[in-house]
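What's in target.csv: CSV, C-alpha atoms and all ligand atoms
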chain,number,residue,atom,x,y,z
A,1189,MET,CA,-13.2,-16.7,16.7
A,1190,GLN,CA,-15.1,-17.4,13.4
A,1191,VAL,CA,-12.9,-18.1,10.4
A,1192,ASN,CA,-14.5,-15.2,8.6
A,1193,GLU,CA,-13.4,-12.8,11.3
A,1194,LEU,CA,-9.8,-13.7,10.6
A,1195,ILE,CA,-10.1,-12.3,7.1
A,1196,THR,CA,-9.6,-8.7,7.4
A,1197,LYS,CA,-9.8,-5.8,5.0
A,1198,GLN,CA,-6.1,-5.8,4.1
A,1199,ASP,CA,-6.6,-9.1,2.3
A,1200,HIS,CA,-5.5,-9.5,-1.3
A,1201,THR,CA,-7.4,-7.7,-4.1
A,1202,PRO,CA,-7.4,-10.1,-7.1
A,1203,VAL,CA,-5.8,-8.6,-10.2
A,1204,LEU,CA,-7.3,-8.9,-13.7
A,1205,LEU,CA,-10.0,-11.0,-12.2
A,1206,ALA,CA,-12.8,-10.2,-14.8
A,1207,GLU,CA,-10.4,-10.7,-17.7
A,1208,ALA,CA,-9.1,-14.1,-16.3
A,1209,LEU,CA,-12.6,-15.3,-15.8
A,1210,GLU,CA,-13.6,-14.3,-19.3
A,1211,MET,CA,-10.8,-16.6,-20.5
A,1212,LEU,CA,-11.7,-19.4,-18.2
A,1213,GLN,CA,-15.5,-19.2,-18.9
A,1214,PRO,CA,-16.5,-21.4,-15.9
A,1215,GLN,CA,-19.3,-23.8,-16.7
A,1216,ASP,CA,-21.5,-26.1,-14.6
A,1217,ASN,CA,-20.2,-29.6,-13.8
A,1218,LYS,CA,-16.6,-28.8,-14.9
A,1219,VAL,CA,-13.4,-28.9,-12.9
A,1220,TYR,CA,-11.0,-25.9,-12.5
A,1221,ILE,CA,-7.7,-25.5,-10.8
A,1222,ASP,CA,-6.7,-22.3,-9.0
A,1223,ALA,CA,-3.0,-22.9,-8.8
A,1224,THR,CA,-2.2,-19.9,-6.7
A,1225,PHE,CA,-5.1,-19.7,-4.2
A,1226,GLY,CA,-3.9,-16.8,-1.9
A,1227,ALA,CA,-7.0,-15.4,-0.3
A,1228,GLY,CA,-9.2,-17.2,-2.8
A,1229,GLY,CA,-10.3,-14.3,-4.8
A,1230,TYR,CA,-10.2,-16.2,-8.1
A,1231,THR,CA,-11.6,-19.4,-6.6
A,1232,LYS,CA,-14.6,-17.5,-5.2
A,1233,ALA,CA,-15.3,-15.8,-8.5
A,1234,ILE,CA,-15.2,-19.2,-10.3
A,1235,LEU,CA,-17.4,-20.9,-7.8
A,1236,ASN,CA,-19.9,-18.0,-7.9
A,1237,LYS,CA,-20.0,-18.1,-11.7
A,1238,ALA,CA,-21.0,-21.8,-12.2
A,1239,ASN,CA,-21.9,-24.9,-10.4
A,1240,CYS,CA,-18.4,-26.3,-10.8
A,1241,THR,CA,-15.6,-27.8,-8.8
A,1242,VAL,CA,-12.4,-25.9,-7.9
A,1243,ILE,CA,-9.1,-27.6,-6.8
A,1244,ALA,CA,-7.1,-24.8,-5.2
A,1245,ILE,CA,-3.4,-25.0,-4.5
A,1246,ASP,CA,-1.1,-22.8,-2.4
A,1247,CYS,CA,2.3,-23.6,-1.0
A,1248,ASP,CA,1.8,-21.1,1.9
A,1249,SER,CA,0.1,-22.8,4.9
A,1250,ASN,CA,-1.4,-19.4,5.9
A,1251,ALA,CA,-3.7,-19.7,2.9
A,1252,GLN,CA,-5.5,-22.5,4.8
A,1253,LYS,CA,-7.6,-20.1,6.8
A,1254,TYR,CA,-9.0,-18.5,3.7
A,1255,ALA,CA,-9.7,-22.0,2.3
A,1256,GLU,CA,-11.6,-23.0,5.4
A,1257,ALA,CA,-13.9,-20.0,4.9
A,1258,ILE,CA,-14.6,-21.0,1.3
A,1259,GLY,CA,-14.9,-24.7,2.2
A,1260,GLU,CA,-17.7,-23.8,4.7
A,1261,LYS,CA,-19.8,-22.3,1.9
A,1262,PHE,CA,-18.9,-24.6,-1.1
A,1263,ARG,CA,-18.3,-27.9,0.8
A,1264,ASN,CA,-17.7,-30.7,-1.8
A,1265,LYS,CA,-17.3,-28.3,-4.7
A,1266,PHE,CA,-13.9,-27.1,-3.3
A,1267,HIS,CA,-10.7,-28.8,-2.4
A,1268,PHE,CA,-7.6,-27.0,-1.0
A,1269,VAL,CA,-4.2,-28.5,-1.2
A,1270,ASN,CA,-1.2,-26.9,0.6
A,1271,ASP,CA,1.5,-27.8,-1.8
A,1272,ASN,CA,3.7,-26.4,-4.6
A,1273,PHE,CA,1.9,-26.3,-7.9
A,1274,ILE,CA,4.9,-28.1,-9.4
A,1275,ASN,CA,3.3,-31.2,-8.0
A,1276,ILE,CA,0.1,-30.6,-9.9
A,1277,ASP,CA,0.1,-34.0,-11.6
A,1278,GLU,CA,0.5,-35.8,-8.3
A,1279,ILE,CA,-2.2,-33.6,-6.7
A,1280,LEU,CA,-4.7,-34.5,-9.4
A,1281,LYS,CA,-3.7,-38.2,-9.3
A,1282,ASN,CA,-4.4,-38.3,-5.5
A,1283,LEU,CA,-7.8,-36.8,-6.1
A,1284,ASN,CA,-8.5,-39.3,-8.9
A,1285,ILE,CA,-8.8,-36.6,-11.5
A,1286,ASN,CA,-7.4,-37.3,-15.0
A,1287,SER,CA,-8.1,-34.0,-16.6
A,1288,VAL,CA,-9.5,-30.6,-15.9
A,1289,ASP,CA,-11.4,-27.9,-17.8
A,1290,GLY,CA,-9.3,-24.9,-16.9
A,1291,ILE,CA,-6.4,-23.7,-14.8
A,1292,VAL,CA,-5.5,-20.3,-13.6
A,1293,PHE,CA,-2.3,-18.9,-12.1
A,1294,ASP,CA,-1.9,-15.5,-10.5
A,1295,LEU,CA,1.8,-15.6,-9.8
A,1296,GLY,CA,4.0,-13.9,-7.3
A,1297,VAL,CA,3.2,-13.0,-3.7
A,1298,SER,CA,-0.1,-12.0,-2.1
A,1299,SER,CA,-0.7,-8.7,-0.2
A,1300,MET,CA,-0.9,-10.8,3.0
A,1301,GLN,CA,2.6,-12.1,2.4
A,1302,LEU,CA,3.9,-8.7,1.3
A,1303,ASP,CA,2.3,-6.8,4.2
A,1304,ASN,CA,3.4,-9.2,6.9
A,1305,LYS,CA,6.7,-7.9,8.1
A,1306,GLU,CA,7.6,-11.2,9.7
A,1307,ARG,CA,7.7,-12.8,6.2
A,1308,GLY,CA,10.5,-10.4,5.1
A,1309,PHE,CA,9.3,-9.8,1.5
A,1310,SER,CA,9.1,-6.0,1.8
A,1311,PHE,CA,11.7,-3.4,2.4
A,1312,SER,CA,9.1,-1.1,3.9
A,1313,GLY,CA,9.0,-2.0,7.6
A,1314,ASN,CA,11.5,-4.2,9.3
A,1315,GLY,CA,11.4,-8.0,9.7
A,1316,PRO,CA,13.5,-11.1,9.4
A,1317,LEU,CA,15.1,-11.7,6.0
A,1318,ASP,CA,13.0,-14.8,5.2
A,1319,MET,CA,11.0,-14.4,1.9
A,1320,ARG,CA,9.9,-18.1,1.8
A,1321,MET,CA,6.3,-18.5,0.5
A,1322,ASP,CA,6.5,-22.0,1.8
A,1323,ASN,CA,8.1,-22.3,5.2
A,1324,ARG,CA,9.1,-25.9,4.4
A,1325,LEU,CA,11.8,-24.5,2.1
A,1326,THR,CA,15.3,-24.5,3.6
A,1327,THR,CA,16.9,-21.5,1.9
A,1328,THR,CA,16.0,-18.1,3.2
A,1329,ALA,CA,17.0,-14.7,1.9
A,1330,GLU,CA,19.2,-14.3,5.0
A,1331,LYS,CA,21.2,-17.4,3.9
A,1332,LEU,CA,21.7,-16.0,0.3
A,1333,VAL,CA,22.6,-12.5,1.4
A,1334,ASN,CA,25.2,-13.7,4.0
A,1335,GLU,CA,26.6,-16.8,2.3
A,1336,LEU,CA,26.8,-16.3,-1.5
A,1337,TYR,CA,30.1,-15.1,-2.9
A,1338,GLU,CA,30.1,-11.5,-4.1
A,1339,LYS,CA,30.0,-12.5,-7.7
A,1340,GLU,CA,27.1,-14.9,-7.2
A,1341,LEU,CA,25.2,-12.2,-5.4
A,1342,ALA,CA,25.8,-9.7,-8.1
A,1343,ASP,CA,24.8,-12.1,-10.8
A,1344,LEU,CA,21.6,-13.0,-8.9
A,1345,ILE,CA,20.7,-9.3,-8.4
A,1346,TYR,CA,21.4,-8.6,-12.1
A,1347,ASN,CA,19.7,-11.7,-13.6
A,1348,TYR,CA,16.6,-11.9,-11.5
A,1349,GLY,CA,16.2,-8.2,-10.6
A,1350,GLY,CA,17.5,-6.5,-13.8
A,1351,GLU,CA,19.4,-4.2,-11.4
A,1352,ARG,CA,22.1,-2.2,-13.3
A,1353,LYS,CA,23.9,-1.4,-10.1
A,1354,SER,CA,24.1,-5.1,-9.1
A,1355,ARG,CA,28.0,-5.1,-8.7
A,1356,SER,CA,28.2,-2.2,-6.4
A,1357,ILE,CA,25.2,-3.4,-4.4
A,1358,ALA,CA,26.8,-6.8,-4.0
A,1359,LYS,CA,30.1,-5.2,-3.0
A,1360,ASN,CA,28.4,-3.1,-0.3
A,1361,ILE,CA,26.5,-6.1,1.1
A,1362,VAL,CA,29.7,-8.1,1.3
A,1363,GLN,CA,31.6,-5.3,3.0
A,1364,PHE,CA,28.7,-4.8,5.5
A,1365,ARG,CA,28.4,-8.5,6.4
A,1366,GLN,CA,32.1,-8.6,7.3
A,1367,ARG,CA,31.1,-6.5,10.3
A,1368,GLU,CA,27.8,-8.2,11.2
A,1369,ARG,CA,25.5,-10.9,9.8
A,1370,ILE,CA,22.6,-9.3,7.9
A,1371,LEU,CA,19.5,-10.6,9.7
A,1372,THR,CA,16.7,-8.1,8.8
A,1373,THR,CA,15.2,-6.4,5.8
A,1374,ALA,CA,16.1,-3.0,7.3
A,1375,LYS,CA,19.8,-4.1,7.7
A,1376,LEU,CA,19.8,-5.3,4.1
A,1377,VAL,CA,18.6,-1.9,2.9
A,1378,GLU,CA,21.2,-0.2,5.0
A,1379,ALA,CA,23.9,-2.6,3.7
A,1380,MET,CA,23.0,-2.2,0.1
A,1381,ASN,CA,23.7,1.4,-0.2
A,1382,PRO,CA,23.9,3.5,3.0
A,1383,ASN,CA,24.2,6.8,1.1
A,1384,ALA,CA,21.6,6.3,-1.5
A,1385,ARG,CA,18.4,8.4,-1.9
A,1386,SER,CA,15.5,6.0,-1.4
A,1387,TYR,CA,14.0,6.5,-4.8
A,1388,GLN,CA,15.7,6.2,-8.2
A,1389,ASP,CA,13.8,6.3,-11.5
A,1390,ASN,CA,10.6,6.4,-9.4
A,1391,ILE,CA,11.2,3.1,-7.7
A,1392,HIS,CA,12.8,2.4,-4.3
A,1393,PHE,CA,16.4,1.4,-4.8
A,1394,ALA,CA,15.9,-1.9,-3.0
A,1395,THR,CA,13.0,-3.0,-5.2
A,1396,ARG,CA,14.9,-5.0,-7.8
A,1397,THR,CA,17.3,-6.6,-5.2
A,1398,PHE,CA,14.4,-7.8,-3.1
A,1399,GLN,CA,12.6,-9.2,-6.2
A,1400,ALA,CA,15.8,-11.1,-7.2
A,1401,LEU,CA,16.2,-12.6,-3.7
A,1402,ARG,CA,12.5,-13.6,-3.6
A,1403,ILE,CA,12.7,-15.3,-7.0
A,1404,MET,CA,15.8,-17.3,-5.9
A,1405,VAL,CA,14.5,-18.2,-2.5
A,1406,ASN,CA,11.3,-19.7,-4.0
A,1407,ASN,CA,13.0,-21.0,-7.2
A,1408,GLU,CA,10.1,-19.2,-9.0
A,1409,LEU,CA,11.3,-19.3,-12.6
A,1410,GLU,CA,12.4,-22.9,-12.7
A,1411,THR,CA,9.2,-24.0,-10.9
A,1412,LEU,CA,7.1,-22.2,-13.5
A,1413,LYS,CA,9.0,-23.7,-16.4
A,1414,LEU,CA,8.7,-27.2,-15.1
A,1415,THR,CA,5.1,-26.8,-14.2
A,1416,LEU,CA,4.0,-25.5,-17.6
A,1417,ARG,CA,5.5,-28.6,-19.3
A,1418,LYS,CA,3.2,-30.7,-17.2
A,1419,LEU,CA,0.0,-28.9,-18.0
A,1420,PRO,CA,-1.0,-29.9,-21.6
A,1421,GLN,CA,-1.4,-33.5,-20.5
A,1422,LEU,CA,-3.8,-32.4,-17.7
A,1423,LEU,CA,-6.2,-30.4,-19.8
A,1424,GLY,CA,-9.3,-31.8,-21.4
A,1425,PRO,CA,-10.9,-30.7,-24.7
A,1426,GLN,CA,-11.6,-26.9,-24.9
A,1427,ALA,CA,-9.8,-26.4,-21.5
A,1428,THR,CA,-8.1,-23.1,-20.9
A,1429,MET,CA,-5.0,-21.9,-19.2
A,1430,ALA,CA,-4.9,-18.3,-18.0
A,1431,ILE,CA,-1.7,-17.0,-16.4
A,1432,VAL,CA,-1.2,-13.6,-14.7
A,1433,THR,CA,2.5,-12.6,-14.3
A,1434,PHE,CA,4.1,-9.6,-12.5
A,1435,HIS,CA,7.5,-9.3,-14.1
A,1436,SER,CA,9.1,-9.7,-17.4
A,1437,LEU,CA,11.1,-12.8,-16.6
A,1438,GLU,CA,7.9,-14.7,-15.8
A,1439,ASP,CA,6.0,-13.2,-18.6
A,1440,LYS,CA,8.6,-14.3,-21.1
A,1441,ILE,CA,8.5,-17.9,-19.9
A,1442,VAL,CA,4.7,-17.9,-20.3
A,1443,LYS,CA,4.8,-16.1,-23.7
A,1444,ASP,CA,7.4,-18.5,-25.1
A,1445,PHE,CA,5.6,-21.6,-23.8
A,1446,PHE,CA,2.2,-20.5,-25.2
A,1447,LYS,CA,3.8,-19.7,-28.5
A,1448,GLU,CA,5.5,-23.1,-28.7
A,1449,ILE,CA,2.3,-25.0,-28.0
A,1450,SER,CA,0.1,-22.9,-30.3
A,1451,GLN,CA,2.2,-22.6,-33.5
A,1452,ASP,CA,0.2,-22.5,-36.7
A,1453,SER,CA,1.4,-25.9,-37.8
A,1454,SER,CA,-0.9,-28.9,-38.0
A,1455,GLY,CA,-1.3,-31.1,-35.0
A,1456,ASN,CA,-1.2,-28.4,-32.4
A,1457,LEU,CA,-3.5,-28.8,-29.5
A,1458,PHE,CA,-3.7,-25.1,-28.3
A,1459,GLU,CA,-4.7,-21.7,-29.7
A,1460,ARG,CA,-4.0,-18.4,-28.1
A,1461,ILE,CA,-7.2,-16.8,-26.7
A,1462,ASN,CA,-5.9,-13.2,-27.1
A,1463,LYS,CA,-3.3,-12.4,-29.7
A,1464,LYS,CA,-2.1,-9.4,-27.5
A,1465,VAL,CA,-1.2,-9.6,-23.8
A,1466,VAL,CA,-4.0,-8.3,-21.5
A,1467,THR,CA,-3.0,-5.6,-19.0
A,1468,PRO,CA,-5.1,-3.8,-16.3
A,1469,ASN,CA,-6.9,-0.7,-17.3
A,1470,TYR,CA,-6.3,2.7,-15.7
A,1471,GLN,CA,-9.1,2.3,-13.2
A,1472,GLU,CA,-7.8,-1.0,-11.9
A,1473,ILE,CA,-4.3,0.4,-11.4
A,1474,ARG,CA,-5.7,3.5,-9.7
A,1475,LYS,CA,-7.7,1.3,-7.3
A,1476,ASN,CA,-4.9,-1.3,-6.8
A,1477,PRO,CA,-1.4,0.0,-7.6
A,1478,ARG,CA,0.0,-3.5,-7.2
A,1479,ALA,CA,-1.8,-4.4,-10.4
A,1480,ARG,CA,0.4,-2.1,-12.5
A,1481,SER,CA,2.9,-4.6,-13.8
A,1482,ALA,CA,0.3,-7.5,-14.3
A,1483,LYS,CA,0.1,-9.2,-17.6
A,1484,LEU,CA,-2.4,-11.9,-18.5
A,1485,ARG,CA,-2.1,-14.5,-21.3
A,1486,GLY,CA,-4.3,-17.5,-22.1
A,1487,VAL,CA,-4.5,-20.5,-24.4
A,1488,ARG,CA,-7.4,-22.9,-25.2
A,1489,ARG,CA,-7.1,-26.5,-26.1
A,1490,VAL,CA,-8.7,-26.9,-29.5
A,1491,LEU,CA,-8.4,-30.7,-30.1
A,1501,LIG,C1,-0.7,-13.2,-6.1
A,1501,LIG,S1,-1.2,-14.4,-4.9
A,1501,LIG,C2,-2.7,-15.0,-5.5
A,1501,LIG,C3,-3.9,-14.3,-5.0
A,1501,LIG,C4,-5.2,-14.9,-5.4
A,1501,LIG,N1,-5.4,-15.0,-6.8
A,1501,LIG,C5,-6.3,-14.2,-4.7
A,1501,LIG,O1,-7.2,-13.7,-5.5
A,1501,LIG,O2,-6.4,-14.1,-3.5
A,1501,LIG,C6,-0.1,-15.7,-5.3
A,1501,LIG,C7,-0.2,-16.9,-4.4
A,1501,LIG,O3,0.4,-18.0,-5.0
A,1501,LIG,C8,1.2,-18.7,-4.1
A,1501,LIG,N2,2.2,-19.4,-4.8
A,1501,LIG,C9,3.2,-18.8,-5.5
A,1501,LIG,N3,4.0,-19.7,-6.1
A,1501,LIG,C10,3.5,-20.9,-5.8
A,1501,LIG,C11,3.9,-22.2,-6.1
A,1501,LIG,N4,5.0,-22.5,-6.8
A,1501,LIG,N5,3.1,-23.2,-5.6
A,1501,LIG,C12,1.9,-23.0,-4.9
A,1501,LIG,N6,1.6,-21.7,-4.6
A,1501,LIG,C13,2.3,-20.7,-5.0
A,1501,LIG,C14,1.6,-17.7,-3.1
A,1501,LIG,O4,1.9,-18.3,-1.8
A,1501,LIG,C15,0.5,-16.7,-3.0
A,1501,LIG,O5,-0.4,-17.0,-2.0
Structure re-expressed in structure tokens:
Amino acid sequence: MQVNELITKQDHTPVLLAEALEMLQPQDNKVYIDATFGAGGYTKAILNKANCTVIAIDCDSNAQKYAEAIGEKFRNKFHFVNDNFINIDEILKNLNINSVDGIVFDLGVSSMQLDNKERGFSFSGNGPLDMRMDNRLTTTAEKLVNELYEKELADLIYNYGGERKSRSIAKNIVQFRQRERILTTAKLVEAMNPNARSYQDNIHFATRTFQALRIMVNNELETLKLTLRKLPQLLGPQATMAIVTFHSLEDKIVKDFFKEISQDSSGNLFERINKKVVTPNYQEIRKNPRARSAKLRGVRRVL
């Protein structure tokens, strides 16, 4: 089978692509990083815009097949690395690159990850409680749900999911798991609140709990914080950083960091590209509902 045939129509639709590209302004002979390659939507757009090089990173080995398809077309203009973006400094060092001209992050999970029941990210459909973006990680959602103490579980669901009913959800889970180990996404939904109506405040009652577990399994917030700290040293003059986030905890980390490195005091290396956060327009949300919570922020190196 041709690599291209593996890429089906349910693949990821890139969010805020035009807006992120506008921030990045790809130019000939420059080097860009796509830190969250996914199905390569951002990478393709960058490579089609200018005769430049893209270093693409994704911790999910399933991204490899999309990389192969792009590699066939762009050959030595494209390098894919199956690693966590927290290792970005090492990745560039191994490629003998000292600095780059732009970096883009489109955080969170891809549609391929969400839609594959076997990955356990989604409560619609049934699959193993996994939720690892990178299958080299050792902690799965199953482990957290079955092995955390009730208070730890409640705090996790509250802190990473913003779920007001975290205490009762944790209590229900702990009661349920005394009878049987919770192995699947459907069992977790059943355990959380067997009597609940599916939707509350227009969102499924499991949404926030699933988000919290995913963030914890993949250590998403800590990874983002530590990675951001490494970026200023890796960006050359006029280089840009553009970051798309999908929930307020991530957005706050990016917002605070960008503010810190672009204060209006002398000696600052960066300036914010847009004073206001960029969000998808109505047409994009209508075409791709998964875009609805996306927020884009960017900074440019001035010195
Ligand atoms: C929203 S998708 C990106 C989609 C991509 N922009 C596209 O157009 O196809 C996010 C991707 O980032 C990857 N990812 C998330 N956190 C990561 C991390 N810490 N290191 C490397 N990849 C990560 C996920 O595996 C996923 O494939």
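Considering all atoms listed in the file, the residue among A:Leu1409, A:Lys1261, A:Thr1241, A:Glu1368 positioned nearest to ligand LIG 1501 (chain A) is A:Leu1409.
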What residues of the protein or nucleic acid chains come within 7 Å of ligand LIG 1501 (chain A) when you use only C-alpha atoms and all ligand atoms? Reply as a PyMOL selection string. chain A and resi 1200-1202+1223-1230+1245-1248+1251+1271-1274+1294-1298+1321-1322+1408+1411
Can you sort out the box for region 1287-1303 of chain A, edges along x, y and z, all listed atoms in, 8 Å on every side, with centre and edge lengths in Å to one decimal, as AutoDock Vina command-line options?
--center_x -3.7 --center_y -20.4 --center_z -6.8 --size_x 31.4 --size_y 43.2 --size_z 38.0
Separating CA of Met1380 (chain A) from CA of Asp1439 (chain A), to the nearest tenth of an Å, is a gap of 27.6 Å
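Between Asn1406 (chain A) and the residues A:Leu1332, A:Val1219, A:Ala1233, A:Ala1482, the shortest atom-to-atom distance, using all atoms listed in the file, involves A:Leu1332.
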With all atoms listed in the file as the atoms that count, which of A:Gly1486, A:Leu1280, A:Ala1208, A:Leu1419 lies nearest to Val1242 (chain A)?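 Going through A:Gly1486, A:Leu1280, A:Ala1208, A:Leu1419 one by one, the smallest distance to Val1242 (chain A) is for A:Leu1280.
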Given only C-alpha atoms as the basis, pick out the residue of A:Ala1479, A:Ile1461, A:Ala1427, A:Ala1329 nearest to Met1404 (chain A). A:Ala1329
Record the distance separating CA of Arg1478 (chain A) and CA of Gln1215 (chain A), expressed in Å with one decimal. 29.6 Å
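Ranking A:Asn1239, A:Ala1394, A:Phe1262, A:Thr1326 by their shortest atom-to-atom distance to Ser1312 (chain A), with all atoms listed in the file included, puts A:Ala1394 first.
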For Val1292 (chain A), which residue out of A:Asn1469, A:Gln1213, A:Gln1426, A:Asn1275 is the nearest one, using only C-alpha atoms?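 Ranked by minimum distance to Val1292 (chain A), first place goes to A:Gln1213.
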Could you work out how far CA of Ile1258 (chain A) lies from CA of Lys1232 (chain A), giving the answer in Å with one decimal? 7.4 Å
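Residues in contact with Tyr1337 (chain A) at 12 Å, where all atoms listed in the file are counted and same-chain residues fewer than 3 positions away are skipped, are listed as A:Lys1331, A:Leu1332, A:Val1333, A:Asn1334, A:Glu1340, A:Leu1341, A:Ala1342, A:Asp1343, A:Leu1344, A:Arg1355, A:Ala1358, A:Lys1359, A:Ile1361, A:Val1362, A:Gln1363, A:Arg1365.
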